[in-house]
Every structure is written in C-alpha cells, then in structure tokens.
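Quick notes on the structure that follows.
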Amino acid sequence: MAKDDLIGGSIWEEYSQKVSDKMNNPTNRGEIREEEAEAMGAKLVVADFGAESCGDAVRLYWAVEKGTDIIKKSKFKSFGCGTAIASSDMMAELCIGKTVDEAVKITNIDVEHALRDTPDVPAVPPQKMHCSVMAYDVIKKAAAIYKGVDMEAFEVDDMVCECARVTLSTLKEVIKLNDLKTIEEITDYTKAGGFCKSCIKPGGHEARKYYLVDILKDTRAEMEQEKVKESIATSDFASMSSVRKFREVEKVVDEHIRSFLMADGGNVDILDLKDNPSSTDIYVQYLGACSGCGSSTQTLAAMENILREKLDPSINVLSV
Amino acid sequence: MQRIYLDNNATTMVDPKVAELMSRFQTQEFGNPNSIHFFGSETHPFLRTGMNQLYSGINASDDDDIIVTGCATESNNTVLKAIYFDLIRTGQKKEIITSQVEHPSVAHTCKFLESIGVKVTYLPVNSIGIVEPQELKNHINDETALVSIMWANNETGMIFPVKEYVDICKERGVLFHTDAVQAIGKIGVDLQNVPVDILTFSAHKFHGPKGIGGLYIRKGLSLTPLLHGGEQMGGKRSGTLNVAGIVGMGLAMELAVNALEYENSRVKELRNKLEDALLTIEDVLVLGDREHRTPNTILISVKGVEGESMLWDLSKNGIGASTGSACASEELEASPIMSAIGAGNELAHTGIRISLSRFTTEEEINYVIEEFPKAVERLRSISSTYAYSPSGKK
C-alpha cells in the first residue's frame, strides 16, 4: 500500500483544475428555448437521462441545424455531484460544432480526457468515472430523439463496464487468453471494475445487466469444459484421464497381445493403472498357462514394448 | 477566507484548555506510569484525576470499569469480539442483535463475526431513523448474547430510547451495549439512571484529543481483552498508558458535561435559529423533530441539489459540513441511515448534515444563513430536476 492510501484522501483532492473550474462555473449550463432554436433555423432537442432518486440526472439541449445536422448550440442542466456537473458541462461543449452522427461517437472516456490538466493524470478519482458515463448516455438519448429511433440503436449491446468501456466479448477473450482467475486480475488487464465498481457484483452503485463475478465464473466453467472436450478429442496418451488410459491399454492388449497368449493356453488380466507425473504403471496378472511360465519375464517385456510403441514410451508393465 | 466548522459530529476542535493541559505530559511529566521510579509515579495523581473525571462524567460507580482504549472503534471491537469469545464460541449463546444504522465500527465488526458463523440480527429503523423498542422486543430471545444499539445517531442526531432498550434487556437477562459516541457532551448520559452494561465513547467527539476513547463496563462483568500484552489497565487492555490522552480526555469530559446546559440552551438556540432560517428556503426538509435530536445537529435535504455539490459550494465559501450522500463517499454507497430512511424521499442523495458545537458563534451562524441560500440558488439554477424560479423564498 502506498502512503497516500494509508492516510486516506479526500476525493476532491483528486479532481483536476478543469473539473473544479467547470464545477465553479459551468459555462454551458442553461436551456435553449424553442423560439431561440427556431431563430437559428435549428431543431430543438431536449433529452433527459437518469433520475434524482438514482443520484444523477442530466438534461441536454441541442439546437441542431436543419439540413446539415450540425449541433449549433448545446446546453445542459444536471442534478449531481461536482464531477457530474463538470462532465456534463464538458460533454455539452464537445458537442458544439459536431454533426449528430459525430456527437454520438463521443464517449465518457473522451469527456474525462478533455477534463484532464495533463494528458496522463486522470481528471477524477476512479469511483467518479461513473459520472462521465451519464454525459455519454444523454448524447445517445438526444441523438435517438433527433433521428426518431430507439436509443438502443447507438448502444453497444454487450457493454459490461461503462466507465472503462469494456464489452462482454472482450472480457471473455482476455480471461481465456491470459487464464485470469480473479476479479483483481480482470481489472488489471482490462480496467473493467476499476472505477465505480458497479459492474463487479450486484448491490453496487447501480444495477447492471452483466457482472464480472458471473462472467468470470461462467468463463472459467467454459474453459473447464473446453479442457474436458480437448482431452476427449486428444489421441495423446499422456494427456488422457486414467479411465481413458485404462481403456486404451485394454484395447491394445486385446488387439495385439491377448491372442498370442491364448494360443499358448494362457491369458492376462489388467488389474490397475497408476498415473505418475512422468510415467504410467500398468499392473497385470498372468492367468492360465502363463502363470508360473518360465518365459513370463520376456512376455512382460514384449507386452511393455508393444504398449510403449502403440501408446506411450513412458509405460511400465509390472506383474503382480 | 472564513473557517466555519459545522461538522462537529465528525470530530471537534480540542478545547484549548485541554490542549494546554496535555502538553506538559509530552515534555515534562512524560514518564511511563509503569516505571518504578519517580518519573512513573509522578504521573499517577494526574491519571487518577483524569479517571475520576471520566467516571463522574457518565455517573459510573467506583467499582465499575472504564477501560481507556485507542478509539471508539477499538471499544466497539472489544465488546463484540469479547462477546463472541466469552458467550458464543463457548456455546452458551448464539446471537448478537444490533441495528441497521450503527457506525461502521459496529456494523463491519458484526459482518466479520457473521463471516465466522455468528448469527447477527440487524433491527430496522422507523421513518425518522430510530429503532422502535417493539422491534427489539420482537427479536430478543434466550439465545441472544448481546444487544448493541447506539445512543444517538451520527448522521441524523436522532436520540434513541436507550432506557427502554435497557429495560427490555434487563427483563430478558441479556447484556446491553450502547455506542454513546454521539451522545456524550450533547445530552446527559447518566448510567445510574440508564443502567446500560457496556458503553463506548470517544474523546475527539467532545473536544478532547483524537486517538483515545473509552469503554465502560458494569461491575461484575468481565470481557476478554482485545489487546494482550503488558497487563496495563488491570490486564483488561494492554498498551502503555496514554498519559496525555487520559488526562486530556478526563478534562474534556468534565468540561463537556459542565457545558451540557449551555449545549442544550445556547447551542440549541443557534441550531434552531439556523434551522428556522434554512426552512424558509423553498422545498427543503429537515429530518426529525427537535426534541428527539441532539441539540447541535440538523440533517437537511435541499430538493434538486445533490449533497456533494452542496458541500462543494459551502466549502468554497469557508463552511465545512457533511453529507451521507453516496456520491461523496469513497465507495459510492449511501450511508446506512440514508439508505434506511432515504428510500422514497430525496434524503439519500441530498442530505446535508450541519453539526454545531459550543464553540460555534452567532456570527458564524449568521454568515451561514446568508451563504447557504446562495449556494442553493446557484446549484438549483444548474439542476435538471428542480423547476427553478429565482425567487428562492417561500
């Protein structure tokens, strides 16, 4: 732990100067009236997102120029904390001069980056990244209203972590490729779950469709299943389960060994199979003429050779 | 810039008399009370005075124990873990009953005990955030080892009917512990009158130093210590005695108890003056009636203004207050009391806690009365959930 973590901090100390300035004086706050938009030859769009009961709510006003789809004026109102107000203000600012199609591409990460004082220092502490997501959502809502389509048309349908913008498919792929076993590892690799933490498990700041704990559990289960499938499909003796090894050994004995022994009035019983880290021991018992036969040691060696050749060079055959 | 401190439920300024008294035990009589030589023994009369002040402050009997601890968190941990070691782990009892609105030092310790198999029941609160005695009556049973309910709530200032809890527990022969951190120095705490078994307090909430607290334990009751070691505090809490802390906490207790009358007249008057003024702002709501609230506390909800934003504007103008709003916390979780009483109204996100002390002046209150509405006006002009009309007054 770093010293600062031990002392603990005030979240306000982690706000950038730009966030503070925008909170103190959000220049794009306010409304656009119908007449005002009309006078500009623009269509007024008013979009609301969130609710006071959730802790964040934002309203976005756009005056969109007819014909060009360019956002000539953009204003906001917001119920929320300092970072929510600052993010909304920056979001409204970023919309100005863009076409609606361009504006829809603005993400919460763009908003947060625009609020940074220096490129590599975050504008807000991790848990406050969430506030800029609101700003991003309301743009989609405004665009949907303008275009007369459903908001979902602009949504990435499998978004798991809104703050870091990480999708379900990305998460599954990263977990599988890197053999990730914990939520912390997922956050380290993808940043998902590193901000407002809502997507980690149910009961966080807001309800989510997907949770990292479930994704990790399901993906690990999928990986296990794939492993089993792989081991079934394999013809590599060493990576088979003991049961399959035993069956393979019996098959080889039946096909290549038993008939010779039986011709001499003997037989062999495979009693057990022991998996060692680098070898497989097979325990056999001679039956009939074989038991007590003077050349049984050679027979054992012959059997071992056949099994080694057909299945795996690490096989040892031992008689009981 | 102004420096107006209205967050006295979080911590308080050390009374200058206390600070002054404490300093000599850092540089002059700095001995270890356990030392055999005179450096040790010369601290003893001061420690005795400090302890006497603590005992009389809560009207404890001489044969009761007041164990000095490092903080209220340690006191609460000591009680809950001792109950586990002494009564639950031994199989005599099974359950701890507490409330849904306790301080984290009780709530998180209970969660920990649950994780090792202890049954914990969390009693709900009513619409103003108080545990109804009937709730306790309904849940207390023969397997209950301990009931732990706070005396007054930190966020709302609501005073809980502790006497009634004690009666219910006495009738059932169940131990009762109360976290009285928010009560001492604000309202009378008389353990002859309200005979709780165990009580937690903390010096920095009543103008004493940080890093020192206490645990009252009724005579005849013995709790397994949390800290083992050099057998200080009669073996009940090891660790070299914090001489300056004990002396300081003792004096702070005496001063706080002597100031109770002032607290319940002048401080209350100032609080009421501020509250009355804030209530003239349109669409605000104050939680709970004044009679059931500690005399220094206001929990106010300003419709359309999120709590952290309000703190921001107040802070910018030199006023320090507090909020239980989720957005202002590290984990984005609303405080438990806010979740418990905030459902269905805006308190969960708009609650602002203002807590005065005996050092709060009328000039300061006048300044807040002037500045608070300005902050409300500015933030409502930005708010998307408040139909703003620049009049602002009722």
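Just so we're on the same page: first chain in the structure tokens is A, next is B, and so on; residues restart at 1 for each chain, and ligands are numbered from 1 in the order they show up.
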Could you list the residues in chain A lying within 10 Å of chain B, using only C-alpha atoms, and format the result as a compact mmCIF listing (two decimals) with N, CA and C atoms, in the first residue's frame?
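Produced file out03.txt, reproduced below:
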```txt
# COMPACT_ATOMS: atom_id res chain seq x y z
N GLY A 8 -5.29 7.89 3.58
CA GLY A 8 -6.64 8.09 3.05
C GLY A 8 -6.75 9.50 2.54
N GLY A 9 -7.60 9.72 1.55
CA GLY A 9 -7.63 11.07 0.98
C GLY A 9 -9.02 11.60 0.84
N SER A 10 -9.10 12.83 0.43
CA SER A 10 -10.39 13.41 0.09
C SER A 10 -10.52 13.29 -1.42
N ILE A 11 -11.69 12.84 -1.88
CA ILE A 11 -11.86 12.68 -3.32
C ILE A 11 -11.70 14.02 -4.05
N TRP A 12 -11.98 15.10 -3.36
CA TRP A 12 -11.85 16.40 -4.02
C TRP A 12 -10.41 16.71 -4.40
N SER A 20 -12.66 21.36 -11.29
CA SER A 20 -13.01 22.39 -10.30
C SER A 20 -13.56 23.64 -10.98
N MET A 23 -16.97 23.02 -12.33
CA MET A 23 -17.95 22.94 -11.24
C MET A 23 -18.28 24.35 -10.74
N ASN A 24 -17.24 25.16 -10.61
CA ASN A 24 -17.45 26.52 -10.10
C ASN A 24 -18.19 27.39 -11.10
N ASN A 25 -17.92 27.15 -12.38
CA ASN A 25 -18.55 27.98 -13.40
C ASN A 25 -18.81 27.17 -14.66
N PRO A 26 -19.87 26.38 -14.65
CA PRO A 26 -20.18 25.56 -15.83
C PRO A 26 -20.75 26.44 -16.94
N ASN A 28 -21.62 26.07 -19.95
CA ASN A 28 -22.67 25.59 -20.85
C ASN A 28 -23.96 25.24 -20.13
N ARG A 29 -24.05 25.63 -18.86
CA ARG A 29 -25.29 25.33 -18.15
C ARG A 29 -26.42 26.20 -18.69
N GLY A 30 -27.63 25.71 -18.57
CA GLY A 30 -28.75 26.51 -19.02
C GLY A 30 -29.65 25.75 -19.97
N GLU A 31 -30.52 26.52 -20.64
CA GLU A 31 -31.51 25.89 -21.51
C GLU A 31 -31.45 26.54 -22.89
N ASP A 48 -33.48 13.83 -21.55
CA ASP A 48 -33.26 13.62 -20.12
C ASP A 48 -32.68 12.25 -19.88
N PHE A 49 -31.74 12.16 -18.96
CA PHE A 49 -31.24 10.84 -18.60
C PHE A 49 -30.99 10.78 -17.10
N GLY A 50 -31.31 9.64 -16.50
CA GLY A 50 -31.11 9.45 -15.07
C GLY A 50 -32.28 10.00 -14.29
N ALA A 51 -32.21 9.88 -12.98
CA ALA A 51 -33.28 10.38 -12.11
C ALA A 51 -32.67 10.79 -10.78
N GLU A 52 -33.35 11.72 -10.13
CA GLU A 52 -32.83 12.21 -8.86
C GLU A 52 -32.68 11.07 -7.85
N SER A 53 -33.62 10.12 -7.91
CA SER A 53 -33.56 9.01 -6.95
C SER A 53 -32.33 8.13 -7.16
N CYS A 54 -31.73 8.21 -8.37
CA CYS A 54 -30.51 7.44 -8.63
C CYS A 54 -29.26 8.22 -8.22
N GLY A 55 -29.44 9.50 -7.94
CA GLY A 55 -28.28 10.29 -7.54
C GLY A 55 -27.70 11.12 -8.67
N ASP A 56 -28.04 10.79 -9.90
CA ASP A 56 -27.57 11.56 -11.06
C ASP A 56 -28.71 11.76 -12.03
N ALA A 57 -28.85 12.96 -12.55
CA ALA A 57 -29.81 13.20 -13.62
C ALA A 57 -29.24 14.33 -14.46
N VAL A 58 -29.38 14.21 -15.78
CA VAL A 58 -28.85 15.25 -16.65
C VAL A 58 -29.84 15.51 -17.78
N ARG A 59 -29.95 16.78 -18.18
CA ARG A 59 -30.79 17.14 -19.32
C ARG A 59 -29.92 17.87 -20.33
N LEU A 60 -30.00 17.42 -21.58
CA LEU A 60 -29.18 18.02 -22.64
C LEU A 60 -30.08 18.73 -23.65
N PHE A 76 -26.76 22.32 -20.98
CA PHE A 76 -27.14 21.20 -20.10
C PHE A 76 -27.68 21.72 -18.78
N LYS A 77 -28.38 20.81 -18.09
CA LYS A 77 -28.71 21.00 -16.68
C LYS A 77 -28.44 19.69 -16.00
N SER A 78 -28.07 19.75 -14.73
CA SER A 78 -27.70 18.49 -14.10
C SER A 78 -27.98 18.48 -12.61
N PHE A 79 -28.52 17.36 -12.16
CA PHE A 79 -28.58 17.10 -10.72
C PHE A 79 -27.49 16.08 -10.47
N GLY A 80 -26.50 16.46 -9.72
CA GLY A 80 -25.42 15.51 -9.48
C GLY A 80 -24.30 16.18 -8.72
N CYS A 81 -23.26 15.40 -8.47
CA CYS A 81 -22.13 15.92 -7.71
C CYS A 81 -21.25 16.79 -8.61
N GLY A 82 -20.17 17.28 -8.06
CA GLY A 82 -19.27 18.17 -8.79
C GLY A 82 -18.79 17.58 -10.10
N THR A 83 -18.40 16.32 -10.07
CA THR A 83 -17.86 15.72 -11.30
C THR A 83 -18.97 15.49 -12.33
N ALA A 84 -20.19 15.25 -11.85
CA ALA A 84 -21.30 15.07 -12.79
C ALA A 84 -21.57 16.39 -13.51
N ILE A 85 -21.54 17.49 -12.76
CA ILE A 85 -21.77 18.81 -13.36
C ILE A 85 -20.63 19.15 -14.32
N PRO A 125 -11.08 10.91 -9.54
CA PRO A 125 -10.71 9.63 -8.94
C PRO A 125 -11.52 8.48 -9.56
N PRO A 126 -11.03 7.25 -9.46
CA PRO A 126 -11.64 6.13 -10.17
C PRO A 126 -13.15 6.00 -9.97
N GLN A 127 -13.61 6.16 -8.71
CA GLN A 127 -15.03 5.92 -8.47
C GLN A 127 -15.91 7.00 -9.10
N LYS A 128 -15.29 8.10 -9.56
CA LYS A 128 -16.07 9.19 -10.14
C LYS A 128 -16.12 9.11 -11.67
N HIS A 130 -17.68 7.10 -13.26
CA HIS A 130 -19.09 6.80 -13.47
C HIS A 130 -19.89 8.05 -13.89
N CYS A 131 -19.53 9.19 -13.32
CA CYS A 131 -20.30 10.41 -13.58
C CYS A 131 -20.24 10.81 -15.05
N PHE A 195 -13.39 1.37 -11.67
CA PHE A 195 -13.86 2.73 -11.42
C PHE A 195 -15.01 2.76 -10.42
N CYS A 196 -16.24 2.80 -10.90
CA CYS A 196 -17.34 2.93 -9.92
C CYS A 196 -17.67 1.60 -9.25
N LYS A 197 -17.14 0.52 -9.80
CA LYS A 197 -17.26 -0.83 -9.21
C LYS A 197 -18.67 -1.43 -9.31
N SER A 198 -19.61 -0.73 -9.97
CA SER A 198 -20.97 -1.26 -10.09
C SER A 198 -20.99 -2.61 -10.80
N GLY A 203 -25.50 -5.19 -6.22
CA GLY A 203 -25.53 -4.45 -4.95
C GLY A 203 -24.64 -3.22 -4.95
N GLY A 204 -24.03 -2.90 -6.08
CA GLY A 204 -23.16 -1.72 -6.15
C GLY A 204 -23.95 -0.45 -6.39
N HIS A 205 -23.25 0.56 -6.92
CA HIS A 205 -23.86 1.87 -7.10
C HIS A 205 -25.07 1.83 -8.02
N GLU A 206 -25.03 1.01 -9.06
CA GLU A 206 -26.21 0.89 -9.92
C GLU A 206 -26.35 -0.54 -10.40
```
### Message
Which residues are near Val284 (chain B)? Cut-off 7 Å, only C-alpha atoms, ignore same chain within fewer than 3 positions. Put them as a PyMOL selection string.
### Response
chain B and resi 279+281+300-303
Would you export the selected residues with C-alpha atoms as a PDB file, in the first residue's frame, please?
```pdb
ATOM      1  CA  LEU B 279     -36.571  26.173   6.454  1.00  0.00           C
ATOM      2  CA  ILE B 281     -35.937  28.198   1.597  1.00  0.00           C
ATOM      3  CA  ILE B 300     -31.470  18.939   5.821  1.00  0.00           C
ATOM      4  CA  SER B 301     -32.485  17.897   2.333  1.00  0.00           C
ATOM      5  CA  VAL B 302     -32.468  20.529  -0.383  1.00  0.00           C
ATOM      6  CA  LYS B 303     -34.625  19.400  -3.253  1.00  0.00           C
TER       7      LYS B 303
END
```
### Query
If you count only C-alpha atoms, which residues fall within 7 Å of region 276-290 of chain A, apart from same-chain ones fewer than 3 positions away, as a PyMOL selection string?
chain A and resi 265-273+293+296+314-320
Now that the selection is made, can you save its residues with all heavy atoms as a short mmCIF file (atom, residue, chain, number, x, y, z; two decimals), in the first residue's frame?
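Full text of out15.cif as output:
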```
data_model
loop_
_atom_site.label_atom_id
_atom_site.label_comp_id
_atom_site.auth_asym_id
_atom_site.auth_seq_id
_atom_site.Cartn_x
_atom_site.Cartn_y
_atom_site.Cartn_z
N GLY A 265 -2.36 -71.08 -24.44
CA GLY A 265 -3.19 -71.55 -23.31
C GLY A 265 -3.11 -70.63 -22.10
O GLY A 265 -3.50 -71.01 -21.00
N GLY A 266 -2.60 -69.46 -22.31
CA GLY A 266 -2.52 -68.51 -21.18
C GLY A 266 -3.40 -67.29 -21.43
O GLY A 266 -4.15 -67.23 -22.39
N ASN A 267 -3.33 -66.34 -20.48
CA ASN A 267 -4.05 -65.07 -20.66
C ASN A 267 -3.50 -64.05 -19.66
O ASN A 267 -2.66 -64.40 -18.81
CB ASN A 267 -5.55 -65.28 -20.44
CG ASN A 267 -6.36 -64.21 -21.18
OD1 ASN A 267 -5.85 -63.18 -21.57
ND2 ASN A 267 -7.63 -64.51 -21.37
N VAL A 268 -3.99 -62.84 -19.75
CA VAL A 268 -3.52 -61.80 -18.84
C VAL A 268 -4.70 -60.91 -18.43
O VAL A 268 -5.62 -60.70 -19.22
CB VAL A 268 -2.38 -60.97 -19.50
CG1 VAL A 268 -2.92 -60.11 -20.63
CG2 VAL A 268 -1.65 -60.14 -18.47
N ASP A 269 -4.65 -60.48 -17.19
CA ASP A 269 -5.69 -59.60 -16.66
C ASP A 269 -5.05 -58.26 -16.32
O ASP A 269 -4.02 -58.23 -15.64
CB ASP A 269 -6.26 -60.24 -15.37
CG ASP A 269 -7.76 -60.07 -15.29
OD1 ASP A 269 -8.33 -59.52 -16.25
OD2 ASP A 269 -8.34 -60.49 -14.27
N ILE A 270 -5.62 -57.19 -16.81
CA ILE A 270 -5.08 -55.88 -16.43
C ILE A 270 -5.78 -55.46 -15.14
O ILE A 270 -7.00 -55.29 -15.10
CB ILE A 270 -5.30 -54.85 -17.54
CG1 ILE A 270 -4.63 -55.37 -18.82
CG2 ILE A 270 -4.74 -53.50 -17.17
CD1 ILE A 270 -5.18 -54.76 -20.07
N LEU A 271 -5.00 -55.34 -14.07
CA LEU A 271 -5.59 -55.11 -12.74
C LEU A 271 -5.76 -53.63 -12.42
O LEU A 271 -6.77 -53.18 -11.92
CB LEU A 271 -4.71 -55.74 -11.66
CG LEU A 271 -4.61 -57.26 -11.69
CD1 LEU A 271 -3.68 -57.72 -10.59
CD2 LEU A 271 -5.98 -57.90 -11.51
N ASP A 272 -4.72 -52.88 -12.72
CA ASP A 272 -4.76 -51.47 -12.29
C ASP A 272 -3.84 -50.63 -13.16
O ASP A 272 -2.97 -51.14 -13.84
CB ASP A 272 -4.34 -51.37 -10.81
CG ASP A 272 -4.94 -50.13 -10.15
OD1 ASP A 272 -5.59 -49.34 -10.85
OD2 ASP A 272 -4.75 -49.97 -8.93
N LEU A 273 -4.08 -49.32 -13.04
CA LEU A 273 -3.23 -48.38 -13.79
C LEU A 273 -2.90 -47.22 -12.85
O LEU A 273 -3.79 -46.69 -12.18
CB LEU A 273 -4.01 -47.88 -15.00
CG LEU A 273 -3.34 -46.86 -15.91
CD1 LEU A 273 -3.76 -47.11 -17.34
CD2 LEU A 273 -3.65 -45.44 -15.49
N CYS A 293 4.93 -69.60 -15.84
CA CYS A 293 5.68 -69.91 -17.07
C CYS A 293 7.10 -69.36 -16.95
O CYS A 293 7.29 -68.23 -16.46
CB CYS A 293 4.98 -69.30 -18.28
SG CYS A 293 6.00 -69.33 -19.77
N SER A 296 7.93 -65.90 -18.64
CA SER A 296 6.99 -64.80 -18.38
C SER A 296 7.67 -63.43 -18.33
O SER A 296 7.05 -62.41 -18.63
CB SER A 296 6.20 -65.05 -17.08
OG SER A 296 7.09 -65.06 -15.99
N SER A 314 6.43 -43.95 -22.06
CA SER A 314 6.67 -43.91 -20.60
C SER A 314 5.91 -45.02 -19.87
O SER A 314 5.86 -45.01 -18.63
CB SER A 314 6.27 -42.54 -20.05
OG SER A 314 4.86 -42.44 -20.00
N ILE A 315 5.31 -45.95 -20.61
CA ILE A 315 4.54 -47.01 -19.95
C ILE A 315 5.47 -48.08 -19.36
O ILE A 315 6.44 -48.50 -19.99
CB ILE A 315 3.56 -47.66 -20.95
CG1 ILE A 315 2.43 -46.67 -21.28
CG2 ILE A 315 2.99 -48.98 -20.42
CD1 ILE A 315 1.48 -47.16 -22.34
N ASN A 316 5.18 -48.49 -18.12
CA ASN A 316 5.87 -49.62 -17.48
C ASN A 316 4.83 -50.69 -17.21
O ASN A 316 3.74 -50.37 -16.76
CB ASN A 316 6.50 -49.22 -16.14
CG ASN A 316 7.48 -48.08 -16.32
OD1 ASN A 316 8.34 -48.12 -17.20
ND2 ASN A 316 7.30 -47.03 -15.51
N VAL A 317 5.18 -51.93 -17.51
CA VAL A 317 4.25 -53.01 -17.19
C VAL A 317 4.84 -53.82 -16.04
O VAL A 317 6.01 -54.22 -16.07
CB VAL A 317 3.98 -53.91 -18.41
CG1 VAL A 317 3.02 -55.04 -18.05
CG2 VAL A 317 3.42 -53.07 -19.55
N LEU A 318 4.06 -54.00 -15.02
CA LEU A 318 4.53 -54.70 -13.82
C LEU A 318 3.58 -55.85 -13.54
O LEU A 318 2.35 -55.69 -13.66
CB LEU A 318 4.54 -53.76 -12.62
CG LEU A 318 5.30 -52.45 -12.83
CD1 LEU A 318 4.78 -51.36 -11.93
CD2 LEU A 318 6.80 -52.68 -12.59
N SER A 319 4.15 -57.00 -13.19
CA SER A 319 3.24 -58.12 -12.89
C SER A 319 3.05 -58.22 -11.38
O SER A 319 3.96 -57.91 -10.61
CB SER A 319 3.78 -59.42 -13.48
OG SER A 319 4.55 -60.09 -12.52
N VAL A 320 1.86 -58.60 -10.98
CA VAL A 320 1.54 -58.67 -9.55
C VAL A 320 1.54 -60.12 -9.09
O VAL A 320 0.96 -60.96 -9.77
CB VAL A 320 0.15 -58.04 -9.29
CG1 VAL A 320 -0.20 -58.14 -7.80
CG2 VAL A 320 0.16 -56.61 -9.73
#
```
### Query
Between CA of Val149 (chain A) and CA of Cys161 (chain A), what is the distance, to one decimal in Å?
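Calculated distance between CA of Val149 (chain A) and CA of Cys161 (chain A) is 24.4 Å.
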### Task
Taking the DSSP assignment computed from this structure's backbone, write out as a list in words all residues of region 166-298 of chain A that belong to strand (DSSP E or B).
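Output for region 166-298 of chain A, strand (DSSP E or B) only: Val166, Thr167, Gly266, Asn267, Val268, Asp269, Ile270, Leu271, Asp272, Leu273, Lys274, Asp275, Thr280, Asp281, Ile282, Tyr283, Val284, Gln285, Tyr286, Leu287 and Gly288 of chain A.
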### Query
Could you work out how far CA of Ile354 (chain B) lies from CA of Glu74 (chain B), giving the answer in Å with one decimal?
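So the answer is 26.5 Å.
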### Query
Quick one: residues within 10 Å of region 226-241 of chain A, only C-alpha atoms counted, chain neighbours fewer than 2 positions away excluded, as a PyMOL selection string?
chain A and resi 220-224+243-246+248-249+275+277-280+310-315
### Contacts of Val64 (chain A) at 12 Å (only C-alpha atoms; same-chain gap of 4+ positions) as a PyMOL selection string
chain A and resi 32+34+36-46+68-75+95-101+103+142-143+145-147
### Proximity to Ala72 (chain B) - best of B:Lys17, B:His204, B:Lys119, B:Lys273, only C-alpha atoms
B:His204
### Message
Would you pick out the contacts of Met13 (chain B) at 9 Å or less, using only C-alpha atoms, so that residues sharing its chain but fewer than 3 positions from it are not included, and give the list as JSON, numbers by chain?
### Response
{"B": [5, 8, 16, 204, 205, 206, 207, 208, 209, 359]}
### Summary
Restricting to only C-alpha atoms, whichever of A:Lys3, A:Glu35, A:Leu216, A:Leu115 is closest to Ser16 (chain A) is A:Leu115
### Query
Looking at A:Arg308, A:Lys217, A:His113, A:Lys201, which one is nearest to Val253 (chain A), with distances taken over only C-alpha atoms?
A:Arg308
### Task
Please provide as a list of chain:residue names all residues within 10 Å of Val181 (chain B), with the sequence filter that same-chain residues fewer than 2 positions apart are discarded (counting only C-alpha atoms).
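Contacts, with the query itself left out: B:Asn9, B:Ala72, B:His103, B:Met150, B:Trp151, B:Ala152, B:Asn153, B:Asn154, B:Thr178, B:Asp179, B:Ala183, B:Ile184, B:Gly185, B:Lys186, B:Leu199, B:Thr200, B:Phe201, B:Ser202, B:Ala203, B:His204, B:Lys205, B:Phe206, B:Gly213, B:Gly214.
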#### Entry: Distance in Å - CA of Leu356 (chain B) versus CA of Gly248 (chain B)
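Answer for the CA of Leu356 (chain B) to CA of Gly248 (chain B) separation: 21.4 Å.
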### Given only C-alpha atoms as the counted atoms, nearest of B:Gln192, B:Ser315, B:Gln232, B:Thr360 to Glu263 (chain B)
B:Thr360
